[in-house]
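With compact mmCIF, C-alpha atoms inside, this is coords_17.txt:
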```txt
# COMPACT_ATOMS: atom_id res chain seq x y z
CA MET A 192 -1.22 8.18 -55.81
CA LYS A 193 -2.62 6.07 -52.94
CA GLN A 194 -1.36 2.91 -54.62
CA PHE A 195 2.12 4.45 -54.91
CA ILE A 196 2.20 5.37 -51.18
CA THR A 197 1.03 1.87 -50.25
CA PHE A 198 3.80 0.43 -52.41
CA ILE A 199 6.44 2.61 -50.70
CA LEU A 200 5.24 1.57 -47.21
CA LEU A 201 5.23 -2.07 -48.22
CA CYS A 202 8.80 -1.75 -49.48
CA ALA A 203 9.84 -0.09 -46.21
CA SER A 204 8.25 -2.89 -44.21
CA LEU A 205 10.00 -5.53 -46.29
CA SER A 206 13.26 -3.63 -45.85
CA VAL A 207 12.93 -3.66 -42.05
CA ASN A 208 12.11 -7.37 -42.01
CA ALA A 209 15.04 -8.01 -44.31
CA GLN A 210 17.31 -6.31 -41.77
CA THR A 211 16.18 -8.74 -39.08
CA PRO A 212 17.62 -12.25 -39.53
CA LYS A 213 14.98 -14.97 -39.49
CA PRO A 214 16.47 -16.88 -36.50
CA ILE A 215 16.11 -13.71 -34.37
CA GLN A 216 12.54 -13.16 -35.58
CA LYS A 217 11.72 -16.79 -34.78
CA ALA A 218 13.27 -16.60 -31.29
CA ILE A 219 11.31 -13.42 -30.45
CA ALA A 220 8.09 -14.93 -31.83
CA ASN A 221 8.56 -18.02 -29.64
CA TYR A 222 9.41 -15.97 -26.52
CA GLU A 223 12.93 -17.38 -26.53
CA TYR A 224 14.41 -14.09 -25.45
CA GLU A 225 17.76 -15.38 -24.19
CA THR A 226 18.33 -17.05 -27.56
CA ALA A 227 17.38 -13.83 -29.33
CA LEU A 228 19.86 -11.84 -27.23
CA GLN A 229 22.66 -14.29 -28.03
CA LEU A 230 21.92 -14.02 -31.76
CA ILE A 231 21.77 -10.21 -31.65
CA GLU A 232 25.13 -10.08 -29.87
CA GLN A 233 26.66 -11.94 -32.83
CA GLU A 234 25.70 -9.09 -35.17
CA LYS A 235 28.68 -6.82 -35.81
CA GLU A 236 26.69 -3.60 -36.29
CA PRO A 237 23.10 -4.19 -35.15
CA SER A 238 20.51 -1.96 -36.82
CA THR A 239 18.09 0.25 -34.92
CA GLN A 240 15.44 -2.41 -35.46
CA LEU A 241 17.67 -5.05 -33.87
CA LEU A 242 18.39 -2.75 -30.92
CA PHE A 243 14.63 -2.39 -30.36
CA LEU A 244 14.33 -6.18 -30.35
CA LYS A 245 17.26 -6.44 -27.93
CA ALA A 246 15.63 -3.94 -25.58
CA LYS A 247 12.30 -5.76 -25.86
CA ALA A 248 13.96 -9.08 -24.95
CA LEU A 249 15.73 -7.52 -21.97
CA LYS A 250 12.50 -5.88 -20.85
CA GLU A 251 10.57 -9.16 -21.06
CA LEU A 252 13.31 -10.85 -19.00
CA LYS A 253 12.83 -8.09 -16.35
CA GLN A 254 16.31 -6.68 -16.99
CA LEU A 255 14.87 -3.18 -17.02
CA ASN A 256 18.06 -1.20 -16.41
CA SER A 257 19.78 -2.95 -19.30
CA ALA A 258 16.76 -2.36 -21.56
CA LEU A 259 16.72 1.29 -20.55
CA SER A 260 20.38 1.63 -21.49
CA VAL A 261 19.70 0.24 -24.99
CA TYR A 262 16.78 2.63 -25.54
CA GLN A 263 18.95 5.55 -24.43
CA ASP A 264 21.63 4.50 -26.94
CA ILE A 265 19.01 4.64 -29.70
CA ILE A 266 17.99 8.15 -28.59
CA LYS A 267 21.62 9.32 -28.66
CA ALA A 268 21.86 8.18 -32.27
CA GLU A 269 18.34 9.29 -33.23
CA PRO A 270 17.13 12.09 -30.89
CA GLU A 271 13.77 12.36 -32.65
CA ASN A 272 12.94 8.65 -32.61
CA ASN A 273 9.49 8.87 -31.03
CA ARG A 274 9.23 5.16 -30.37
CA ALA A 275 12.52 5.18 -28.46
CA LEU A 276 11.36 8.13 -26.36
CA ILE A 277 8.12 6.39 -25.43
CA GLU A 278 9.83 3.07 -24.68
CA THR A 279 12.39 4.87 -22.50
CA ALA A 280 9.54 6.54 -20.62
CA GLU A 281 7.85 3.16 -20.15
CA CYS A 282 11.06 1.63 -18.77
CA ASN A 283 11.56 4.50 -16.34
CA LYS A 284 7.97 4.17 -15.19
CA LEU A 285 8.40 0.44 -14.51
CA LEU A 286 11.53 1.27 -12.51
CA GLY A 287 9.54 3.77 -10.43
CA LYS A 288 11.45 6.73 -11.89
CA TYR A 289 8.34 8.82 -12.49
CA LYS A 290 10.05 12.18 -13.00
CA GLN A 291 12.38 10.77 -15.65
CA ALA A 292 9.47 8.97 -17.32
CA LEU A 293 7.48 12.20 -17.39
CA ALA A 294 10.35 14.05 -19.07
CA TYR A 295 10.53 11.47 -21.89
CA TYR A 296 6.75 11.47 -22.40
CA GLU A 297 6.87 15.25 -22.70
CA GLN A 298 9.66 15.01 -25.29
CA ALA A 299 7.52 12.55 -27.25
CA LEU A 300 4.58 14.95 -27.10
CA GLU A 301 6.72 17.74 -28.52
CA LEU A 302 7.23 15.56 -31.59
CA ASN A 303 3.60 14.41 -31.72
CA PRO A 304 1.29 16.58 -29.56
CA PHE A 305 -1.84 14.60 -30.48
CA ASN A 306 -0.70 11.13 -29.44
CA LYS A 307 -3.54 10.14 -27.11
CA TYR A 308 -1.67 7.25 -25.51
CA VAL A 309 1.22 9.52 -24.50
CA GLN A 310 -1.19 12.20 -23.29
CA LEU A 311 -2.93 9.67 -21.05
CA GLN A 312 0.37 8.36 -19.70
CA ARG A 313 1.57 11.90 -18.94
CA ILE A 314 -1.63 12.75 -17.05
CA THR A 315 -1.42 9.52 -15.07
CA LEU A 316 2.19 10.27 -14.11
CA LEU A 317 1.34 13.82 -13.07
CA PHE A 318 -1.39 12.34 -10.90
CA ASN A 319 1.04 9.82 -9.37
CA LEU A 320 3.46 12.66 -8.64
CA THR A 321 0.57 14.54 -6.91
CA GLN A 322 0.92 17.39 -9.41
CA PHE A 323 -2.85 17.65 -9.54
CA ASN A 324 -3.06 21.19 -10.95
CA LYS A 325 -0.86 20.30 -13.93
CA ALA A 326 -2.80 17.06 -14.41
CA LYS A 327 -6.07 19.02 -14.39
CA ILE A 328 -4.78 21.44 -17.05
CA ALA A 329 -3.64 18.51 -19.19
CA CYS A 330 -7.05 16.84 -18.76
CA ASP A 331 -8.86 20.00 -19.84
CA GLU A 332 -6.70 20.16 -22.98
CA LEU A 333 -7.35 16.48 -23.75
CA ILE A 334 -11.11 16.71 -23.22
CA GLN A 335 -11.35 19.54 -25.78
CA LYS A 336 -10.43 16.96 -28.43
CA ASP A 337 -11.50 13.77 -26.71
CA SER A 338 -14.42 13.60 -24.27
CA SER A 339 -14.28 9.82 -23.86
CA VAL A 340 -15.05 8.09 -20.57
CA VAL A 341 -11.32 7.54 -19.97
CA SER A 342 -10.55 11.26 -20.26
CA GLN A 343 -13.48 12.29 -18.06
CA ARG A 344 -12.51 9.70 -15.48
CA LEU A 345 -9.00 11.17 -15.27
CA LEU A 346 -10.52 14.61 -14.81
CA ALA A 347 -12.67 13.30 -11.95
CA GLN A 348 -9.58 11.79 -10.31
CA CYS A 349 -7.80 15.13 -10.63
CA TYR A 350 -10.68 16.81 -8.81
CA GLU A 351 -10.37 14.17 -6.09
CA GLY A 352 -6.65 14.91 -5.81
CA LEU A 353 -7.43 18.62 -5.51
CA THR A 354 -10.01 17.75 -2.78
CA LYS A 355 -12.77 19.26 -4.92
CA THR A 356 -15.20 16.52 -3.99
CA ASP A 357 -18.33 18.15 -5.38
CA SER A 358 -16.71 18.63 -8.80
CA ALA A 359 -15.51 15.02 -8.77
CA ILE A 360 -19.03 13.82 -7.98
CA VAL A 361 -20.43 15.86 -10.89
CA CYS A 362 -17.84 14.29 -13.21
CA TYR A 363 -18.59 10.74 -12.14
CA LYS A 364 -22.34 11.29 -12.42
CA LYS A 365 -21.89 12.66 -15.94
CA ILE A 366 -19.83 9.60 -16.89
CA LEU A 367 -22.52 7.25 -15.55
CA GLU A 368 -25.17 9.03 -17.58
CA GLU A 369 -23.18 8.17 -20.70
CA ALA A 370 -21.79 4.83 -19.56
CA PRO A 371 -23.88 3.33 -16.73
CA GLU A 372 -21.86 0.10 -17.04
CA ASP A 373 -18.63 1.84 -15.88
CA TYR A 374 -17.88 0.04 -12.61
CA PHE A 375 -14.85 2.22 -11.79
CA SER A 376 -16.89 5.43 -11.80
CA THR A 377 -19.68 3.76 -9.82
CA ALA A 378 -17.30 2.54 -7.12
CA SER A 379 -15.46 5.89 -7.01
CA LEU A 380 -18.73 7.84 -6.76
CA ALA A 381 -19.96 5.59 -3.96
CA SER A 382 -16.66 6.01 -2.12
CA LEU A 383 -17.01 9.81 -2.26
CA TYR A 384 -20.60 9.60 -1.00
CA ILE A 385 -19.42 7.44 1.92
CA LYS A 386 -16.70 9.97 2.79
CA GLN A 387 -19.38 12.66 2.81
CA LYS A 388 -21.56 10.38 4.98
CA ASP A 389 -24.25 10.44 2.30
CA LEU A 390 -24.91 6.74 2.74
CA GLU A 391 -28.30 6.68 1.02
CA SER A 392 -26.77 8.05 -2.19
CA ALA A 393 -23.93 5.51 -1.96
CA ILE A 394 -26.44 2.69 -1.60
CA LYS A 395 -28.58 3.97 -4.49
CA CYS A 396 -25.77 4.33 -7.01
CA THR A 397 -24.33 0.91 -6.18
CA GLU A 398 -27.73 -0.78 -6.22
CA ASP A 399 -28.46 0.80 -9.64
CA TYR A 400 -25.27 -0.80 -10.90
CA ARG A 401 -26.03 -4.15 -9.22
CA GLU A 402 -29.24 -4.38 -11.24
CA LYS A 403 -27.01 -4.70 -14.32
CA ASP A 404 -24.17 -6.67 -12.71
CA SER A 405 -24.36 -8.01 -9.16
CA THR A 406 -20.91 -9.64 -9.25
CA ASN A 407 -18.50 -6.72 -9.55
CA LEU A 408 -16.07 -6.87 -6.62
CA PHE A 409 -15.31 -3.14 -6.33
CA VAL A 410 -18.92 -1.98 -6.52
CA ASN A 411 -20.01 -4.63 -4.00
CA GLN A 412 -17.29 -3.55 -1.55
CA GLN A 413 -18.64 0.01 -1.55
CA ASN A 414 -22.22 -1.25 -1.41
CA ALA A 415 -21.53 -3.46 1.61
CA GLN A 416 -19.63 -0.72 3.44
CA ALA A 417 -22.47 1.74 2.88
CA TYR A 418 -24.99 -0.72 4.37
CA CYS A 419 -22.66 -1.40 7.31
CA LEU A 420 -22.17 2.29 8.10
CA ASN A 421 -25.92 2.82 7.66
CA ARG A 422 -26.40 0.16 10.38
CA ASP A 423 -28.27 -2.20 8.10
CA TYR A 424 -26.11 -5.04 9.38
CA LYS A 425 -28.24 -7.88 8.04
CA THR A 426 -27.92 -6.67 4.42
CA ALA A 427 -24.26 -5.77 4.96
CA ILE A 428 -23.52 -9.29 6.23
CA ASP A 429 -25.22 -10.77 3.16
CA ARG A 430 -23.15 -8.54 0.83
CA TYR A 431 -19.88 -9.23 2.64
CA GLU A 432 -20.51 -12.98 2.75
CA ASN A 433 -20.99 -12.90 -1.03
CA LEU A 434 -17.68 -11.06 -1.35
CA VAL A 435 -15.94 -13.68 0.79
CA ASN A 436 -17.48 -16.44 -1.34
CA GLN A 437 -16.06 -14.66 -4.40
CA GLY A 438 -12.60 -14.96 -2.87
CA ASP A 439 -12.32 -11.49 -1.32
CA SER A 440 -10.16 -11.87 1.79
CA SER A 441 -9.01 -8.24 1.97
CA GLN A 442 -8.41 -6.59 5.32
CA LEU A 443 -11.32 -4.15 4.94
CA THR A 444 -13.81 -6.85 3.98
CA CYS A 445 -12.84 -9.04 6.95
CA TYR A 446 -12.85 -6.00 9.27
CA TYR A 447 -16.28 -4.69 8.31
CA LEU A 448 -17.82 -8.16 8.20
CA GLY A 449 -16.47 -8.74 11.72
CA ILE A 450 -17.95 -5.43 12.85
CA CYS A 451 -21.33 -6.32 11.31
CA TYR A 452 -21.36 -9.70 13.05
CA TYR A 453 -20.40 -8.03 16.34
CA ALA A 454 -23.21 -5.47 15.99
CA ASN A 455 -25.58 -8.33 15.17
CA GLU A 456 -24.39 -10.16 18.32
CA ASN A 457 -22.85 -13.03 16.36
CA PHE A 458 -19.70 -12.85 18.48
CA TYR A 459 -17.97 -16.08 17.41
CA GLU A 460 -18.33 -15.15 13.72
CA ALA A 461 -17.14 -11.63 14.59
CA HIS A 462 -14.06 -13.10 16.30
CA ASP A 463 -13.17 -15.23 13.27
CA PHE A 464 -13.24 -12.41 10.73
CA LEU A 465 -11.68 -9.81 13.01
CA GLU A 466 -8.84 -12.26 13.64
CA LYS A 467 -8.26 -12.54 9.88
CA ALA A 468 -8.24 -8.76 9.54
CA LEU A 469 -5.87 -8.41 12.51
CA LYS A 470 -3.29 -10.67 10.87
CA LYS A 471 -3.09 -8.18 7.99
CA ASP A 472 -3.02 -5.09 10.25
CA PRO A 473 -1.87 -6.11 13.77
CA LYS A 474 -1.48 -2.55 15.10
CA ASN A 475 -4.91 -1.25 14.12
CA ILE A 476 -6.34 0.16 17.36
CA ASN A 477 -9.98 -0.10 16.25
CA LEU A 478 -9.46 -3.70 15.21
CA LEU A 479 -7.82 -4.57 18.53
CA TYR A 480 -10.68 -2.88 20.40
CA TYR A 481 -13.44 -4.78 18.63
CA MET A 482 -11.43 -8.01 18.76
CA ALA A 483 -11.14 -7.58 22.54
CA ARG A 484 -14.86 -6.90 22.86
CA ALA A 485 -15.75 -9.91 20.70
CA CYS A 486 -13.42 -12.15 22.73
CA SER A 487 -14.97 -10.96 25.98
CA LYS A 488 -18.36 -12.19 24.70
CA THR A 489 -16.99 -15.63 23.85
CA SER A 490 -14.77 -18.27 25.48
CA TRP A 491 -11.61 -16.26 24.65
CA LYS A 492 -11.98 -13.89 27.61
CA LYS A 493 -8.30 -13.86 28.62
CA GLU A 494 -7.29 -13.15 25.03
CA GLY A 495 -9.77 -10.26 25.09
CA ILE A 496 -7.87 -8.67 27.98
CA GLU A 497 -4.60 -9.05 26.08
CA TYR A 498 -6.02 -7.44 22.94
CA MET A 499 -7.44 -4.50 24.91
CA ASN A 500 -4.11 -3.94 26.65
CA GLN A 501 -2.42 -3.91 23.24
CA ALA A 502 -4.88 -1.25 22.08
CA ILE A 503 -4.21 0.85 25.20
CA ASP A 504 -0.41 0.55 24.76
CA LEU A 505 -0.72 1.77 21.17
CA THR A 506 -3.06 4.60 22.15
CA ILE A 507 -1.00 5.98 25.04
CA PRO A 508 2.56 6.92 24.01
CA SER A 509 5.34 5.50 26.19
CA ASP A 510 7.19 7.76 28.61
CA SER A 511 10.33 7.45 26.50
CA THR A 512 8.44 8.64 23.43
CA MET A 513 6.96 11.62 25.27
CA ASN A 514 10.37 12.47 26.74
CA HIS A 515 11.88 12.46 23.25
CA LEU A 516 9.08 14.62 21.83
CA TYR A 517 9.20 17.20 24.62
CA SER A 518 12.99 17.37 24.39
CA GLY A 519 12.68 18.19 20.70
CA LEU A 520 9.93 20.73 21.36
CA ALA A 521 12.07 22.46 23.98
CA ASP A 522 14.88 22.81 21.45
CA CYS A 523 12.41 24.28 18.95
CA TYR A 524 11.29 26.89 21.48
CA LYS A 525 14.93 27.67 22.29
CA LEU A 526 15.76 28.31 18.64
CA ALA A 527 12.59 30.38 18.27
CA ASP A 528 13.71 32.54 21.21
CA MET A 529 10.64 31.68 23.31
CA PRO A 530 12.20 30.94 26.75
CA GLU A 531 8.93 30.85 28.74
CA LYS A 532 7.53 28.16 26.40
CA GLN A 533 10.87 26.38 26.54
CA ILE A 534 10.63 26.20 30.34
CA GLU A 535 7.03 24.94 30.21
CA THR A 536 8.11 22.20 27.83
CA LEU A 537 11.14 21.21 29.93
CA LEU A 538 8.85 20.90 32.96
CA GLU A 539 6.59 18.56 30.96
CA GLN A 540 9.63 16.57 29.85
CA TYR A 541 10.71 16.21 33.49
CA LYS A 542 7.34 14.67 34.38
CA TYR A 543 7.99 11.85 31.91
CA ASN A 544 11.69 11.47 32.75
CA PRO A 545 12.33 12.52 36.39
CA GLN A 546 15.50 10.39 36.41
CA ASN A 547 17.13 12.92 34.09
CA SER A 548 18.06 15.54 36.67
CA LYS A 549 19.94 17.58 34.04
CA ILE A 550 16.53 18.90 32.93
CA LEU A 551 16.45 20.84 36.23
CA TYR A 552 19.81 22.37 35.36
CA ARG A 553 18.53 23.40 31.93
CA ILE A 554 15.42 24.99 33.44
CA GLY A 555 17.58 26.96 35.87
CA ALA A 556 19.92 28.04 33.07
CA VAL A 557 17.03 29.32 30.92
CA TYR A 558 15.61 31.26 33.87
CA GLN A 559 19.02 32.80 34.51
CA ASP A 560 20.18 33.53 30.95
CA ALA A 561 17.02 34.22 28.96
CA VAL A 562 14.22 35.10 31.39
CA LYS A 563 16.52 36.97 33.82
CA ASN A 564 14.64 35.57 36.82
CA ASP A 565 17.42 34.75 39.28
CA LYS A 566 15.02 33.66 42.02
CA LYS A 567 13.50 30.89 39.87
CA ALA A 568 16.93 30.06 38.45
CA GLU A 569 18.32 29.59 41.95
CA LYS A 570 15.40 27.32 42.89
CA TYR A 571 15.95 24.85 40.05
CA LEU A 572 19.75 24.99 40.19
CA GLU A 573 19.62 24.11 43.90
CA MET A 574 17.20 21.26 43.13
CA PHE A 575 19.68 19.92 40.61
CA LEU A 576 22.65 20.31 42.98
CA LYS A 577 20.84 18.18 45.57
CA THR A 578 20.85 15.24 43.14
CA GLU A 579 24.67 15.07 43.17
CA SER A 580 26.04 11.78 44.40
CA PRO A 581 28.80 11.95 47.04
CA LYS A 582 30.79 9.50 44.91
CA GLU A 583 33.68 11.26 43.17
CA LYS A 584 33.55 11.42 39.37
CA LYS A 585 36.16 12.36 36.85
CA GLU A 586 35.31 15.23 34.56
CA LYS A 587 35.44 14.07 30.94
CA ILE A 588 33.67 14.27 27.61
CA THR A 589 32.92 11.10 25.63
CA ILE A 590 31.29 10.23 22.32
CA SER A 591 28.28 7.89 22.29
CA ASN A 592 27.68 5.09 19.78
CA LYS A 593 25.39 7.45 17.89
CA GLY A 594 28.16 10.03 17.58
CA GLU A 595 26.60 12.38 20.16
CA ILE A 596 28.64 14.29 22.74
CA GLU A 597 28.15 13.01 26.27
CA THR A 598 29.41 14.73 29.40
CA ASP A 599 29.70 13.32 32.91
CA ASP A 600 27.43 14.82 35.56
CA ILE A 601 30.38 16.54 37.25
CA VAL A 602 30.51 19.03 34.37
CA PHE A 603 26.93 20.11 35.05
CA TYR A 604 27.40 20.21 38.82
CA ASN A 605 30.46 22.46 38.50
CA ALA A 606 28.56 24.70 36.08
CA THR A 607 25.69 24.83 38.58
CA ARG A 608 28.00 25.98 41.39
CA LYS A 609 29.39 28.74 39.21
CA ARG A 610 25.89 29.86 38.28
CA LEU A 611 24.75 29.92 41.90
CA GLU A 612 27.89 31.81 42.88
CA LYS A 613 27.19 34.41 40.23
CA ILE A 614 23.54 34.81 41.30
CA ARG A 615 24.41 35.23 44.99
CA LYS A 616 27.29 37.62 44.43
CA GLU A 617 25.15 39.81 42.16
CA ARG A 618 22.42 39.84 44.80
CA PHE A 619 25.00 40.70 47.48
CA PHE A 620 26.22 43.73 45.54
CA LYS A 621 22.65 44.83 44.80
CA GLU A 622 20.92 44.17 48.10
CA GLY A 623 23.56 43.12 50.60
CA ALA A 624 23.60 39.60 52.03
CA THR A 625 22.60 37.95 55.26
CA PRO A 626 25.22 36.00 57.27
CA GLU A 627 23.60 32.76 56.09
CA GLU A 628 23.94 33.81 52.44
CA LEU A 629 27.57 34.79 53.00
CA LYS A 630 28.25 31.31 54.38
CA SER A 631 26.48 29.83 51.35
CA ILE A 632 28.67 31.88 49.00
CA GLU A 633 31.80 30.81 50.85
CA LYS A 634 30.69 27.18 50.66
CA VAL A 635 30.15 27.42 46.91
CA ASP A 636 33.57 29.08 46.52
CA SER A 637 35.26 26.28 48.42
CA LEU A 638 33.50 23.58 46.39
CA SER A 639 34.45 25.28 43.17
```
This structure in structure tokens:
Amino acid sequence: MKQFITFILLCASLSVNAQTPKPIQKAIANYEYETALQLIEQEKEPSTQLLFLKAKALKELKQLNSALSVYQDIIKAEPENNRALIETAECNKLLGKYKQALAYYEQALELNPFNKYVQLQRITLLFNLTQFNKAKIACDELIQKDSSVVSQRLLAQCYEGLTKTDSAIVCYKKILEEAPEDYFSTASLASLYIKQKDLESAIKCTEDYREKDSTNLFVNQQNAQAYCLNRDYKTAIDRYENLVNQGDSSQLTCYYLGICYYANENFYEAHDFLEKALKKDPKNINLLYYMARACSKTSWKKEGIEYMNQAIDLTIPSDSTMNHLYSGLADCYKLADMPEKQIETLLEQYKYNPQNSKILYRIGAVYQDAVKNDKKAEKYLEMFLKTESPKEKKEKITISNKGEIETDDIVFYNATRKRLEKIRKERFFKEGATPEELKSIEKVDSLS
């Protein structure tokens, strides 16, 4: 019976190869994908096998959208073609279309629920989409049948995504008991220890690994950082120098090595590595600070002042930024029906933008309409009215380049006069008015 099945499979294989012309097979085998595509196009009715080869050629030539279209055509003709589903998922993933890729992987799993490759790809995509709870459930299901290092590592990453650091640490430690040579788990465990400020544990786990392999880049990065944060600068410098000699010029390596040299009072060396780090991250405030300090200890004293000023400018928001933020916050309070908070915020906005006298008008309007405090309303409306220029202006509404409605100041000044008139007349009818107030009312009437 086994011999018969083998014979059938052999016949099927020969049949597939027979459907693929030898010139196409040769072109694919020699990576001559453009030639292969030209030959496939000459086929009147290309078989499914030829369509797979066409998609493969397009994919290898980085024509991913075209390859995706071919795979989708195969699925339309053969909805249960598992290979086409997986290839379509792969194409979508390469295009950054993670949700679409996930949907195709899940279709493939419906046809073959025990395909480990597809299970791993699905979990990885769920992780990339930050769907950590679903990824965790999928990991638990996978580990019931497969407790390999790869599966356990994915579970640990899910715990990290769910911010369950202690559970992640337990997972990584369990992996290292079974596979102490696993550099990824060692580096990940050390990183978690560093985040928890358990520097001794980070040093121990990385040193244990270094006894077996002292050259691994990722483990040595965590090892060096742990020594640096533990203020063992001499050892940290040694570790970081080895990383640099291995070709590691990453921003973090240059940054921490610069910090170590600075702490060890090797200011010129600190300057050199901090400068390299700064080129990769020119707006990093900590980097600018230490670069300024290092420069001040060397012959680059003027540059040190410039770097420190850059750090201060980045730390303290500009007046225009604060004005924008407070304006938005005032609108939020207005929509939340919190007039007192709205007024507080408008007052803060005015501190950063005193040239915008319309803020005074808005404060007065809120006091009058929402808080019902005519005395305060009158105060701020009068303050605004005093900012009016004697120069005559035409009343008009215009549209800015951003499509926002703009009104000339005259609109606000006229509105202010009407508001003041209303306040004073209401007070007159309630309390009576002094001769001075009557004159003020008459003046407002005439101006209106």
Inset, instruction - Measure the distance from CA of Gln501 in chain A to CA of Ser487 in chain A in Å and round it to one decimal. - result: 14.7 Å
Inset, instruction - Using CA of Gln312 in chain A and CA of Thr279 in chain A as the two end points, give the distance in Å to one decimal. - result: 12.8 Å
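The shortest atom-to-atom distance to Met529 in chain A, with only C-alpha atoms taken into account, belongs to A:Tyr558 out of A:Ala248, A:Met513, A:Tyr558, A:Leu345.
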Legend entry - Residue contacts of Tyr604 in chain A (8 Å, only C-alpha atoms) excluding same-chain residues fewer than 2 positions away, as a list in words: Phe575, Leu576, Glu579, Asp600, Ile601, Val602, Ala606, Thr607 and Arg608 of chain A
Legend entry - Atomic separation - CA of Leu611 in chain A relative to CA of His515 in chain A, Å: 28.6 Å
Tell me which residues come within 12 Å of (27.0, 35.2, 37.8), as a compact mmCIF listing (two decimals) with C-alpha atoms, in the coordinates of the input, counting only C-alpha atoms in the file's coordinates.
```txt
# COMPACT_ATOMS: atom_id res chain seq x y z
CA ALA A 556 19.92 28.04 33.07
CA GLN A 559 19.02 32.80 34.51
CA ASP A 560 20.18 33.53 30.95
CA LYS A 563 16.52 36.97 33.82
CA ASP A 565 17.42 34.75 39.28
CA ALA A 568 16.93 30.06 38.45
CA GLU A 569 18.32 29.59 41.95
CA ALA A 606 28.56 24.70 36.08
CA THR A 607 25.69 24.83 38.58
CA ARG A 608 28.00 25.98 41.39
CA LYS A 609 29.39 28.74 39.21
CA ARG A 610 25.89 29.86 38.28
CA LEU A 611 24.75 29.92 41.90
CA GLU A 612 27.89 31.81 42.88
CA LYS A 613 27.19 34.41 40.23
CA ILE A 614 23.54 34.81 41.30
CA ARG A 615 24.41 35.23 44.99
CA LYS A 616 27.29 37.62 44.43
CA GLU A 617 25.15 39.81 42.16
CA ARG A 618 22.42 39.84 44.80
CA PHE A 619 25.00 40.70 47.48
CA PHE A 620 26.22 43.73 45.54
CA ILE A 632 28.67 31.88 49.00
```
Legend entry - Of the listed residues A:Lys290, A:Ser260, A:Ala299, A:Asn407, that which approaches Arg274 in chain A most closely, counting all atoms listed in the file: A:Ala299
Hey, what's within 6 Å of range 424-436 of chain A if we count all atoms listed in the file and toss same-chain stuff fewer than 6 positions away? As a short mmCIF file (atom, residue, chain, number, x, y, z; two decimals) with C-alpha atoms, in the coordinates of the input, please?
```cif
data_model
loop_
_atom_site.label_atom_id
_atom_site.label_comp_id
_atom_site.auth_asym_id
_atom_site.auth_seq_id
_atom_site.Cartn_x
_atom_site.Cartn_y
_atom_site.Cartn_z
CA ALA A 415 -21.53 -3.46 1.61
CA TYR A 418 -24.99 -0.72 4.37
CA CYS A 451 -21.33 -6.32 11.31
#
```
Legend entry - Nearest residue to Ser490 in chain A from the set A:Tyr384, A:Ile314, A:His462, A:Glu372 (distances using only C-alpha atoms): A:His462
Legend entry - Local residues around (-17.9, 0.6, -1.3), at most 9 Å away, using all atoms listed in the file, as a ChimeraX atom specification: /A:378-379,381-382,385,393-394,397,409-417
Let's have the selection written as a compact mmCIF listing (two decimals), keeping the file's coordinate frame, with C-alpha atoms.
```
# COMPACT_ATOMS: atom_id res chain seq x y z
CA ALA A 378 -17.30 2.54 -7.12
CA SER A 379 -15.46 5.89 -7.01
CA ALA A 381 -19.96 5.59 -3.96
CA SER A 382 -16.66 6.01 -2.12
CA ILE A 385 -19.42 7.44 1.92
CA ALA A 393 -23.93 5.51 -1.96
CA ILE A 394 -26.44 2.69 -1.60
CA THR A 397 -24.33 0.91 -6.18
CA PHE A 409 -15.31 -3.14 -6.33
CA VAL A 410 -18.92 -1.98 -6.52
CA ASN A 411 -20.01 -4.63 -4.00
CA GLN A 412 -17.29 -3.55 -1.55
CA GLN A 413 -18.64 0.01 -1.55
CA ASN A 414 -22.22 -1.25 -1.41
CA ALA A 415 -21.53 -3.46 1.61
CA GLN A 416 -19.63 -0.72 3.44
CA ALA A 417 -22.47 1.74 2.88
```
Legend entry - Ala461 in chain A surroundings by all atoms listed in the file, 7 Å radius, close-in-sequence under 6 positions cut, as a list in words: Gly449, Ile450, Tyr452, Tyr453 and Ala485 of chain A
Inset, instruction - Within 12 Å of Ala483 in chain A, counting all atoms listed in the file, which residues show up once you throw out same-chain ones fewer than 3 positions away? Write them as a PyMOL selection string, please. - result: chain A and resi 453+458+461-462+465-466+469+476-480+486-503
Legend entry - Selection near Ala521 in chain A, 7 Å with all atoms listed in the file, sequence-local residues under 3 positions removed, as a list in words: Tyr517, Ser518, Tyr524, Lys525, Gln533, Thr536 and Leu537 of chain A
